[in-house]
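Q: Hey, dropping target_14.tsv in here, TSV, C-alpha atoms:
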chain	number	residue	atom	x	y	z
A	224	MET	CA	-9.72	23.04	-24.35
A	225	ARG	CA	-10.17	23.77	-20.65
A	226	HIS	CA	-7.56	26.09	-19.14
A	227	TRP	CA	-6.59	24.78	-15.72
A	228	PRO	CA	-5.37	27.43	-13.23
A	229	VAL	CA	-2.77	24.91	-12.02
A	230	SER	CA	-1.47	23.05	-15.06
A	231	GLN	CA	-0.91	19.34	-15.25
A	232	GLU	CA	2.81	19.99	-15.82
A	233	GLU	CA	3.04	22.18	-12.70
A	234	ALA	CA	1.37	19.51	-10.57
A	235	TYR	CA	3.63	16.76	-11.91
A	236	LYS	CA	6.72	18.89	-11.35
A	237	ALA	CA	5.69	19.62	-7.75
A	238	ALA	CA	4.97	15.92	-7.11
A	239	LEU	CA	8.41	14.95	-8.43
A	240	LEU	CA	10.03	17.52	-6.16
A	241	SER	CA	8.16	16.07	-3.18
A	242	GLY	CA	9.17	12.57	-4.21
A	243	ARG	CA	12.79	13.68	-4.13
A	244	TYR	CA	12.15	15.25	-0.72
A	245	LEU	CA	11.16	11.83	0.62
A	246	ALA	CA	14.13	10.18	-1.11
A	247	ASN	CA	16.50	12.75	0.38
A	248	HIS	CA	15.13	11.91	3.82
A	249	VAL	CA	15.60	8.14	3.66
A	250	ARG	CA	18.13	7.10	6.29
A	251	PRO	CA	20.79	4.41	5.70
A	252	ASP	CA	18.68	1.81	7.56
A	253	GLY	CA	15.64	2.55	5.36
A	254	SER	CA	13.62	4.60	7.84
A	255	PHE	CA	12.68	8.20	7.05
A	256	ASP	CA	13.51	11.39	8.87
A	257	TYR	CA	10.10	11.38	10.52
A	258	TYR	CA	10.13	15.12	11.23
A	259	TYR	CA	12.16	17.86	9.58
A	260	ASP	CA	12.22	21.42	10.86
A	261	LEU	CA	12.98	23.49	7.76
A	262	HIS	CA	13.55	26.67	9.75
A	263	ALA	CA	16.13	25.14	12.12
A	264	ASP	CA	17.49	22.47	9.73
A	265	ASN	CA	16.77	19.92	12.43
A	266	LEU	CA	15.99	16.24	11.82
A	267	SER	CA	14.01	14.07	14.22
A	268	SER	CA	12.78	10.48	14.21
A	269	GLY	CA	9.99	11.33	16.66
A	270	HIS	CA	7.65	8.54	17.71
A	271	TYR	CA	8.12	6.50	14.54
A	272	ASN	CA	4.94	5.29	12.86
A	273	MET	CA	5.20	2.34	10.45
A	274	ILE	CA	1.80	3.09	8.94
A	275	ARG	CA	3.03	6.49	7.80
A	276	HIS	CA	6.25	4.85	6.63
A	277	ALA	CA	4.19	2.53	4.40
A	278	GLY	CA	2.27	5.51	3.03
A	279	ALA	CA	5.51	7.33	2.24
A	280	VAL	CA	6.87	4.30	0.35
A	281	TYR	CA	3.60	4.08	-1.59
A	282	SER	CA	3.77	7.72	-2.69
A	283	LEU	CA	7.50	7.52	-3.49
A	284	PHE	CA	6.94	4.69	-5.96
A	285	ARG	CA	3.97	6.49	-7.44
A	286	VAL	CA	6.38	9.29	-8.31
A	287	TYR	CA	8.92	6.76	-9.59
A	288	LYS	CA	6.33	5.24	-11.93
A	289	ARG	CA	5.74	8.68	-13.40
A	290	ASP	CA	9.43	9.55	-13.65
A	291	PRO	CA	11.78	6.52	-13.40
A	292	ASP	CA	14.97	7.70	-11.77
A	293	ASN	CA	17.84	5.69	-10.29
A	294	PHE	CA	18.03	7.86	-7.18
A	295	LEU	CA	14.31	7.53	-6.47
A	296	PHE	CA	14.47	3.78	-7.02
A	297	SER	CA	17.51	3.25	-4.81
A	298	LYS	CA	16.13	5.27	-1.92
A	299	GLY	CA	12.63	3.87	-2.37
A	300	LYS	CA	13.87	0.28	-2.39
A	301	THR	CA	15.85	0.89	0.81
A	302	ALA	CA	12.69	2.24	2.46
A	303	LEU	CA	10.67	-0.69	1.07
A	304	ASP	CA	13.12	-3.21	2.52
A	305	PHE	CA	12.71	-1.52	5.90
A	306	LEU	CA	8.93	-1.88	5.57
A	307	VAL	CA	9.13	-5.57	4.60
A	308	HIS	CA	11.07	-6.25	7.81
A	309	TYR	CA	7.92	-5.31	9.77
A	310	ILE	CA	5.57	-7.56	7.79
A	311	GLU	CA	5.17	-10.67	9.94
A	312	PRO	CA	2.94	-13.72	10.44
A	313	CYS	CA	-0.11	-12.76	12.46
A	314	GLN	CA	-0.87	-15.24	15.23
A	315	GLY	CA	-4.42	-16.57	15.18
A	316	SER	CA	-4.67	-16.39	11.39
A	317	LEU	CA	-6.20	-19.55	9.93
A	318	VAL	CA	-4.92	-18.76	6.43
A	319	GLY	CA	-1.23	-18.13	7.19
A	320	GLY	CA	-1.79	-14.41	6.82
A	321	LEU	CA	0.82	-11.69	7.14
A	322	CYS	CA	0.27	-8.27	8.69
A	323	LEU	CA	2.15	-5.05	9.39
A	324	ASN	CA	3.57	-4.98	12.92
A	325	LYS	CA	3.13	-1.51	14.41
A	326	ASN	CA	4.49	-1.63	17.94
A	327	GLY	CA	3.20	-5.17	18.45
A	328	GLU	CA	-0.23	-4.50	16.95
A	329	ALA	CA	-1.76	-4.91	13.52
A	330	GLY	CA	-4.85	-3.40	11.93
A	331	ILE	CA	-6.48	-3.51	8.52
A	332	GLY	CA	-5.45	0.08	7.74
A	333	GLY	CA	-1.72	-0.18	8.28
A	334	THR	CA	-1.63	-3.65	6.76
A	335	GLY	CA	-3.66	-2.36	3.81
A	336	LEU	CA	-1.16	0.47	3.30
A	337	ALA	CA	1.73	-2.02	3.39
A	338	LEU	CA	-0.07	-4.03	0.71
A	339	LEU	CA	-0.64	-0.85	-1.30
A	340	ALA	CA	3.05	0.08	-1.09
A	341	LEU	CA	4.15	-3.35	-2.31
A	342	ALA	CA	1.57	-3.37	-5.10
A	343	THR	CA	2.66	0.08	-6.22
A	344	PHE	CA	6.29	-1.08	-6.25
A	345	GLN	CA	5.42	-4.00	-8.51
A	346	GLY	CA	3.24	-1.83	-10.72
A	347	ALA	CA	6.03	0.71	-11.12
A	348	THR	CA	8.93	-1.70	-11.64
A	349	GLY	CA	7.45	-4.98	-12.89
A	350	ASP	CA	9.35	-6.77	-10.11
A	351	GLN	CA	7.20	-9.64	-8.77
A	352	THR	CA	9.47	-10.45	-5.81
A	353	TYR	CA	6.76	-9.63	-3.27
A	354	LEU	CA	3.73	-11.10	-5.05
A	355	GLN	CA	3.33	-14.06	-2.67
A	356	THR	CA	3.90	-11.75	0.30
A	357	MET	CA	1.12	-9.49	-0.97
A	358	GLN	CA	-1.23	-12.44	-1.40
A	359	LYS	CA	-0.62	-13.52	2.19
A	360	ILE	CA	-1.23	-9.97	3.40
A	361	ALA	CA	-4.44	-9.80	1.39
A	362	SER	CA	-5.54	-13.16	2.80
A	363	TRP	CA	-5.20	-11.78	6.32
A	364	ILE	CA	-7.20	-8.65	5.43
A	365	VAL	CA	-10.00	-10.71	3.87
A	366	GLU	CA	-9.95	-12.97	6.92
A	367	GLN	CA	-10.85	-9.91	9.03
A	368	GLN	CA	-13.97	-9.24	6.95
A	369	ALA	CA	-17.39	-10.31	8.20
A	370	GLN	CA	-20.09	-11.72	5.95
A	371	ASP	CA	-21.83	-8.33	5.79
A	372	GLY	CA	-18.67	-6.71	4.41
A	373	ASN	CA	-17.52	-4.98	7.59
A	374	TYR	CA	-13.93	-5.39	8.68
A	375	GLN	CA	-12.70	-6.17	12.16
A	376	GLU	CA	-12.91	-2.90	14.07
A	377	TYR	CA	-10.13	-3.71	16.52
A	378	ASN	CA	-6.39	-4.03	16.14
A	379	VAL	CA	-4.91	-7.40	17.09
A	380	ASN	CA	-1.80	-8.33	19.03
A	381	VAL	CA	0.62	-9.74	16.44
A	382	SER	CA	2.05	-12.30	18.88
A	383	THR	CA	-1.18	-13.59	20.45
A	384	GLY	CA	-3.95	-12.70	18.00
A	385	ASN	CA	-5.96	-11.11	20.83
A	386	PHE	CA	-7.93	-7.93	20.21
A	387	THR	CA	-6.40	-4.70	21.51
A	388	ARG	CA	-7.66	-1.19	20.88
A	389	HIS	CA	-10.16	0.18	18.38
A	390	THR	CA	-8.68	0.72	14.92
A	391	ASN	CA	-8.64	4.13	13.19
A	392	THR	CA	-11.43	5.24	10.86
A	393	TYR	CA	-9.19	5.48	7.79
A	394	GLY	CA	-8.39	1.76	7.82
A	395	PHE	CA	-11.38	0.68	5.78
A	396	GLY	CA	-10.43	2.61	2.64
A	397	GLU	CA	-6.74	1.77	2.95
A	398	ALA	CA	-7.54	-1.95	3.09
A	399	LEU	CA	-9.93	-1.78	0.12
A	400	LEU	CA	-7.48	0.18	-2.02
A	401	GLY	CA	-4.66	-2.25	-1.24
A	402	LEU	CA	-6.83	-5.23	-2.17
A	403	GLY	CA	-7.98	-3.49	-5.34
A	404	ARG	CA	-4.45	-2.76	-6.48
A	405	LEU	CA	-3.45	-6.38	-5.89
A	406	TYR	CA	-6.46	-7.52	-7.93
A	407	LEU	CA	-5.20	-5.44	-10.85
A	408	LEU	CA	-1.86	-7.26	-10.60
A	409	ASP	CA	-2.85	-10.91	-10.12
A	410	GLY	CA	-6.51	-10.97	-11.22
A	411	GLN	CA	-7.71	-13.09	-8.29
A	412	LYS	CA	-11.45	-12.50	-8.01
A	413	LYS	CA	-11.56	-13.00	-4.24
A	414	TRP	CA	-9.75	-9.68	-3.73
A	415	LEU	CA	-12.27	-7.83	-5.91
A	416	ASP	CA	-15.16	-9.59	-4.18
A	417	SER	CA	-13.87	-8.35	-0.82
A	418	VAL	CA	-13.58	-4.80	-2.16
A	419	LEU	CA	-17.12	-4.81	-3.56
A	420	LYS	CA	-18.53	-6.33	-0.38
A	421	GLY	CA	-16.72	-3.68	1.68
A	422	ILE	CA	-18.00	-0.80	-0.43
A	423	HIS	CA	-21.58	-2.06	-0.21
A	424	PHE	CA	-21.25	-2.31	3.56
A	425	LYS	CA	-19.98	1.27	3.78
A	426	GLU	CA	-22.80	2.51	1.56
A	427	ALA	CA	-25.37	0.93	3.88
A	428	ALA	CA	-23.63	1.90	7.14
A	429	ASP	CA	-23.07	5.51	6.08
A	430	LYS	CA	-26.76	6.08	5.44
A	431	GLU	CA	-26.88	6.78	9.19
A	432	HIS	CA	-24.20	9.49	8.88
A	433	ARG	CA	-24.23	13.03	7.58
A	434	ASP	CA	-22.25	13.81	4.42
A	435	ASP	CA	-19.66	15.82	6.35
A	436	GLU	CA	-19.12	12.85	8.70
A	437	ILE	CA	-18.43	10.64	5.68
A	438	ALA	CA	-15.96	13.18	4.29
A	439	LEU	CA	-13.96	13.29	7.50
A	440	SER	CA	-12.68	9.74	7.10
A	441	SER	CA	-13.26	8.71	3.50
A	442	HIS	CA	-10.47	10.16	1.36
A	443	TRP	CA	-8.92	6.68	1.07
A	444	MET	CA	-12.34	5.26	0.18
A	445	VAL	CA	-12.76	7.43	-2.91
A	446	PRO	CA	-9.83	6.02	-4.96
A	447	ALA	CA	-10.90	2.53	-3.87
A	448	VAL	CA	-14.45	3.15	-5.10
A	449	ARG	CA	-13.09	4.66	-8.31
A	450	LEU	CA	-10.94	1.56	-8.90
A	451	ALA	CA	-13.91	-0.74	-8.27
A	452	TYR	CA	-16.13	1.31	-10.59
A	453	GLY	CA	-13.55	0.97	-13.35
A	454	VAL	CA	-13.76	-2.82	-13.05
A	455	LYS	CA	-17.44	-3.25	-12.24
A	456	PRO	CA	-19.49	-0.04	-12.67
A	457	GLN	CA	-22.38	0.43	-10.26
A	458	ALA	CA	-24.55	3.54	-10.04
A	459	SER	CA	-24.57	3.45	-6.24
A	460	PHE	CA	-20.79	4.04	-6.26
A	461	LEU	CA	-21.31	7.38	-7.98
A	462	LYS	CA	-23.88	8.43	-5.38
A	463	TYR	CA	-21.53	7.49	-2.55
A	464	VAL	CA	-18.68	9.57	-3.99
A	465	MET	CA	-21.04	12.51	-4.55
A	466	ARG	CA	-21.95	12.35	-0.86
A	467	TYR	CA	-18.23	12.62	-0.08
A	468	VAL	CA	-17.93	15.72	-2.28
A	469	ASN	CA	-20.98	17.35	-0.70
A	470	GLY	CA	-19.54	16.54	2.72
A	471	LEU	CA	-16.25	18.27	1.86
A	472	ASP	CA	-18.17	21.33	0.74
A	473	GLU	CA	-19.92	21.41	4.10
A	474	LEU	CA	-16.64	20.87	5.96
A	475	GLN	CA	-15.11	23.81	4.14
A	476	ARG	CA	-17.52	26.10	5.96
A	477	ILE	CA	-16.77	24.46	9.31
A	478	ALA	CA	-13.00	24.15	8.84
A	479	PRO	CA	-11.89	26.85	6.36
A	480	PHE	CA	-8.38	27.05	4.91
A	481	CYS	CA	-5.56	28.25	7.16
A	482	TRP	CA	-4.15	31.51	5.81
A	483	SER	CA	-1.64	32.32	8.54
A	484	ALA	CA	-0.01	31.04	11.73
A	485	LYS	CA	-2.09	33.56	13.68
A	486	GLU	CA	-5.29	32.18	12.21
A	487	LEU	CA	-4.18	28.61	12.87
A	488	SER	CA	-3.56	29.51	16.50
A	489	ALA	CA	-6.96	31.19	16.80
A	490	ASN	CA	-8.83	28.43	14.95
A	491	PRO	CA	-7.19	25.00	15.37
A	492	ARG	CA	-9.93	23.50	13.21
A	493	CYS	CA	-8.86	25.37	10.08
A	494	SER	CA	-7.54	23.10	7.32
A	495	ARG	CA	-3.76	22.80	7.38
A	496	ALA	CA	-1.57	21.30	4.66
A	497	ASN	CA	-2.04	17.62	5.51
A	498	SER	CA	-5.82	17.98	5.48
A	499	VAL	CA	-5.82	20.04	2.27
A	500	ALA	CA	-3.65	17.43	0.55
A	501	CYS	CA	-5.95	14.56	1.59
A	502	LYS	CA	-9.01	16.46	0.40
A	503	THR	CA	-7.30	17.31	-2.89
A	504	ASP	CA	-6.63	13.60	-3.43
A	505	GLY	CA	-10.25	12.72	-2.67
A	506	LEU	CA	-11.67	15.53	-4.81
A	507	ALA	CA	-9.44	14.79	-7.80
A	508	ASN	CA	-10.43	11.12	-7.72
A	509	SER	CA	-14.06	12.20	-7.37
A	510	PHE	CA	-13.74	14.53	-10.36
A	511	ALA	CA	-12.09	11.83	-12.48
A	512	LEU	CA	-14.93	9.43	-11.65
A	513	LEU	CA	-17.86	11.85	-11.89
A	514	ARG	CA	-16.83	14.21	-14.70
A	515	HIS	CA	-18.80	12.16	-17.25
A	516	ASN	CA	-21.39	10.84	-14.81
A	517	SER	CA	-22.71	13.87	-12.97
A	518	GLN	CA	-24.48	17.15	-13.66
A	519	GLN	CA	-22.42	18.74	-10.90
A	520	THR	CA	-19.05	18.51	-12.67
A	521	VAL	CA	-18.47	22.28	-12.52
A	522	PHE	CA	-19.16	22.34	-8.77
A	523	ILE	CA	-16.71	19.46	-8.14
A	524	GLN	CA	-14.13	21.09	-10.39
A	525	GLN	CA	-14.32	24.41	-8.54
A	526	LEU	CA	-13.95	22.70	-5.18
A	527	MET	CA	-10.96	20.72	-6.44
A	528	GLU	CA	-9.32	23.84	-7.88
A	529	SER	CA	-9.68	25.75	-4.61
A	530	HIS	CA	-7.81	22.95	-2.83
A	531	ILE	CA	-5.03	22.54	-5.40
A	532	HIS	CA	-4.41	26.29	-5.22
A	533	LEU	CA	-3.82	26.04	-1.48
A	534	LEU	CA	-1.62	22.97	-1.87
A	535	MET	CA	0.56	24.71	-4.45
A	536	ARG	CA	0.68	27.89	-2.34
A	537	ASP	CA	2.24	26.04	0.59
A	538	HIS	CA	4.47	23.71	-1.45
A	539	VAL	CA	8.18	24.45	-1.09
A	540	ASP	CA	9.53	24.80	-4.62
A	541	GLY	CA	13.15	25.48	-5.53
A	542	GLN	CA	12.78	29.24	-5.14
A	543	LEU	CA	11.07	29.14	-1.73
A	544	ALA	CA	13.59	26.55	-0.50
A	545	LYS	CA	16.35	29.18	-0.76
A	546	LYS	CA	14.80	30.96	2.21
A	547	PHE	CA	15.64	28.04	4.51
A	548	PRO	CA	19.05	27.09	5.97
A	549	ASN	CA	19.28	23.85	3.95
A	550	PRO	CA	17.55	24.27	0.57
A	551	SER	CA	18.46	20.79	-0.70
A	552	LEU	CA	16.63	19.10	2.20
A	553	SER	CA	13.74	21.58	2.10
A	554	GLN	CA	12.67	21.33	-1.54
A	555	GLY	CA	9.42	19.46	-1.96
A	556	ALA	CA	8.25	19.94	1.63
A	557	ILE	CA	4.83	21.35	2.48
A	558	LEU	CA	4.06	24.11	5.00
A	559	ASP	CA	0.89	24.28	7.09
A	560	CYS	CA	0.51	27.90	5.98
A	561	PRO	CA	2.82	30.53	4.42
A	562	ASP	CA	4.27	31.71	7.75
A	563	CYS	CA	3.82	28.51	9.79
A	564	THR	CA	6.96	27.10	11.43
A	565	SER	CA	5.85	23.64	12.53
A	566	PRO	CA	8.11	20.70	11.48
A	567	VAL	CA	7.20	18.71	8.39
A	568	ARG	CA	6.17	15.09	8.98
A	569	ILE	CA	6.59	12.37	6.33
A	570	ASP	CA	2.86	11.88	5.88
A	571	ASP	CA	2.45	15.60	5.16
A	572	VAL	CA	4.61	15.06	2.08
A	573	GLN	CA	3.09	11.66	1.29
A	574	HIS	CA	-0.42	13.11	1.08
A	575	THR	CA	0.90	16.11	-0.86
A	576	ILE	CA	2.27	13.74	-3.51
A	577	THR	CA	-0.94	11.74	-3.82
A	578	GLY	CA	-2.99	14.93	-3.99
A	579	LEU	CA	-0.78	16.44	-6.70
A	580	LEU	CA	-0.68	13.26	-8.77
A	581	ALA	CA	-4.43	12.67	-8.46
A	582	TYR	CA	-5.03	16.22	-9.68
A	583	ALA	CA	-2.58	15.92	-12.58
A	584	GLU	CA	-4.12	12.63	-13.68
A	585	ALA	CA	-7.67	14.01	-13.34
A	586	VAL	CA	-7.03	16.97	-15.66
A	587	ASP	CA	-5.24	14.81	-18.25
In C-alpha cells, what does this structure look like?

A:
Amino acid sequence: MRHWPVSQEEAYKAALLSGRYLANHVRPDGSFDYYYDLHADNLSSGHYNMIRHAGAVYSLFRVYKRDPDNFLFSKGKTALDFLVHYIEPCQGSLVGGLCLNKNGEAGIGGTGLALLALATFQGATGDQTYLQTMQKIASWIVEQQAQDGNYQEYNVNVSTGNFTRHTNTYGFGEALLGLGRLYLLDGQKKWLDSVLKGIHFKEAADKEHRDDEIALSSHWMVPAVRLAYGVKPQASFLKYVMRYVNGLDELQRIAPFCWSAKELSANPRCSRANSVACKTDGLANSFALLRHNSQQTVFIQQLMESHIHLLMRDHVDGQLAKKFPNPSLSQGAILDCPDCTSPVRIDDVQHTITGLLAYAEAVD
C-alpha cells in the first residue's frame, strides 16, 4: 500500500478545522468576517464580495457532508440564506433565469458558484428546498452559452440586462461545475449537454494557448472535466487535464513557493497560500482522473505532494493557533507563509478546504 507523506486522515482533519474556521466567522446576518487579522485579532468586512461568499458556503457544506455537525449546519445555513437573498431575476432573460447579484452585476462565474453552493447543500443534506431555484439559475447560465459552447464573456446589469465589463477568466469552470453538480441531482440532460459543449469549446480555444496559460485560470475546469468524464468518458478530456498539469509544472519554475515574508516581498509572483490551495485542488482532481489513465501518474503524484506539503505547512492547526491572541478564531486559517502577517480572507480558507478535501479523496 502506498505511504502518503500527508495522510488522508491528516488532510480530512485539517479540512474540518478550516470548515469550523468559516463557521466561527459567520456573522448573525449570514455574511462572513471577510478579513481576519490573526496577529491583531481584528475583524473586517472589507469590500464584500458575494462570489467569494458563495465559494465559502460551497466549501463549508463540503465539510459538513464529510462530518455532519449541528454547529456547521446552523452556521452554514445562515450563510446560505444570506446568499439566496442575492439570487435575483436577471432582466433580459427569455427563460425566467435567476442570477447572483454582485453589486448590480451578474456573470456566469459568480452565478455558477451560487449554483454550486446550493447543489452542494442539497447533496449534503438531502433538502430539495432550492431545487427549482437551482434550475432557474442553470437556465440563465445555459442561456448565456453560444452554439459553439462559449459563454457570454461580459457581465450583465441585473436590472437592465445590458452588458457591462468583461467577466473574469475563472467563470467558465465555475459555471460548468455548477451545472454538472445539478445534473447529478436532477438528471436533466440539458445541463450535461451544456457542460460537454463548454468543455469541447475550451479544448479547441486553448489550442492557441500555452500549457502554463491554461493552468493560470483552469483549476475550476479540472473538477468539472473530471465530473463530465465520470458520466461520459472521452479521451480528449484526459489530454486537456494533462495539459493543465504540465502547465502547473511550468508555472512552478516561474512562480515558486513562498518560503518567507522577505521572499514574498522580493518576489511578488511567488505562490502564496491561496494559489497553492487552488493548485492542490486542481492537481488532486487531475491525479484522481489520470491515475489509471496516464503513464505519468508518478509525476502528477509528486507535483501534488509538493503542494499539499506547503498547504499543510501554512495551515493553522490547534497548536499553532495558540501563538495568536485569539486561538479559537484562528484555528483552521491559512497563512501566506510561515512568518507572513497579512490578514486571512474567506476565499483563502475556502480554497484551502477544497484543496485538502480533493487530496484526501484522491488518495482514498

Q: Given all atoms listed in the file as the basis, pick out the residue of A:Ala583, A:Gly578, A:Asn380, A:Leu552 nearest to Ala263 of chain A.

A: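 Of the candidates, the smallest distance to Ala263 of chain A is held by A:Leu552.
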
Q: Report as a PDB file with C-alpha atoms, keeping the file's coordinate frame all protein, DNA and RNA residues lying within 7 Å of segment 459-475 of chain A, evaluated on all atoms listed in the file, omitting residues in the same chain fewer than 2 positions from it.

A:
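Output file result_17.pdb is given in full below:
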ATOM      1  CA  GLU A 426     -22.800   2.510   1.560  1.00  0.00           C
ATOM      2  CA  ASP A 434     -22.250  13.810   4.420  1.00  0.00           C
ATOM      3  CA  ASP A 435     -19.660  15.820   6.350  1.00  0.00           C
ATOM      4  CA  ILE A 437     -18.430  10.640   5.680  1.00  0.00           C
ATOM      5  CA  ALA A 438     -15.960  13.180   4.290  1.00  0.00           C
ATOM      6  CA  VAL A 445     -12.760   7.430  -2.910  1.00  0.00           C
ATOM      7  CA  VAL A 448     -14.450   3.150  -5.100  1.00  0.00           C
ATOM      8  CA  TYR A 452     -16.130   1.310 -10.590  1.00  0.00           C
ATOM      9  CA  GLN A 457     -22.380   0.430 -10.260  1.00  0.00           C
ATOM     10  CA  ILE A 477     -16.770  24.460   9.310  1.00  0.00           C
ATOM     11  CA  ALA A 478     -13.000  24.150   8.840  1.00  0.00           C
ATOM     12  CA  PRO A 479     -11.890  26.850   6.360  1.00  0.00           C
ATOM     13  CA  LEU A 506     -11.670  15.530  -4.810  1.00  0.00           C
ATOM     14  CA  SER A 509     -14.060  12.200  -7.370  1.00  0.00           C
ATOM     15  CA  LEU A 513     -17.860  11.850 -11.890  1.00  0.00           C
TER      16      LEU A 513
END

Q: Skip Leu321 of chain A itself and residues of its chain fewer than 2 positions away, then list as a list of chain:residue names all residues within 7 Å of it, counting all atoms listed in the file.

A: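 Counting all atoms listed in the file, the residues come to A:Ile310, A:Glu311, A:Pro312, A:Cys313, A:Gly319, A:Lys359, A:Ile360, A:Trp363.
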
Q: Take atom CA of Val586 of chain A and atom CA of Ser241 of chain A and report the distance between them in Å, one decimal.

A: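 Interatomic distance here is 19.7 Å.
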
Q: If I take atom CA of Asn265 of chain A and atom CA of Pro548 of chain A, how far is one from the other in Å, to one decimal?

A: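 Those two atoms sit 9.9 Å apart.
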
Q: Which polymer residues, whether protein, DNA or RNA, lie within 7 Å of the coordinate (-13.1, 20.8, -3.5) when you count all atoms listed in the file? List them as number ranges by chain, using the chain letters and numbers from the file.

A: A: 471-472, 503, 506, 523-530

Q: May I have the protein, DNA and RNA residues with an atom at most 9 Å from (5.1, 19.2, -9.8), counting all atoms listed in the file in the file's coordinates, returned as a PyMOL selection string?

A: chain A and resi 231-241+535+540+555+576+579-580+583

Q: What is the atom CA of Asn326 of chain A-atom CA of Thr383 of chain A distance in Å, reported with one decimal?

A: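 Rounded to one decimal, the two atoms are 13.5 Å apart.
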
Q: Extract, using only C-alpha atoms, all DNA, RNA and protein residues at most 12 Å from segment 481-484 of chain A, discarding same-chain residues fewer than 3 positions from it, and format them as a list in words.

A: Gln475, Ala478, Leu487, Ser488, Ala489, Asn490, Pro491, Arg492, Cys493, Ser494, Arg495, Ala496, Asn497, Ser498, Val499, His530, Leu533, Leu534, Arg536, Asp537, Leu558, Asp559, Cys560, Pro561, Asp562, Cys563, Thr564 and Ser565 of chain A

Q: Residues near Ser417 of chain A, anyone? I mean within 10 Å using only C-alpha atoms, not counting same-chain ones fewer than 3 positions away, as a VMD selection string.

A: chain A and resid 361 364 to 366 368 to 370 372 to 374 398 to 399 402 to 403 412 to 414 420 to 423
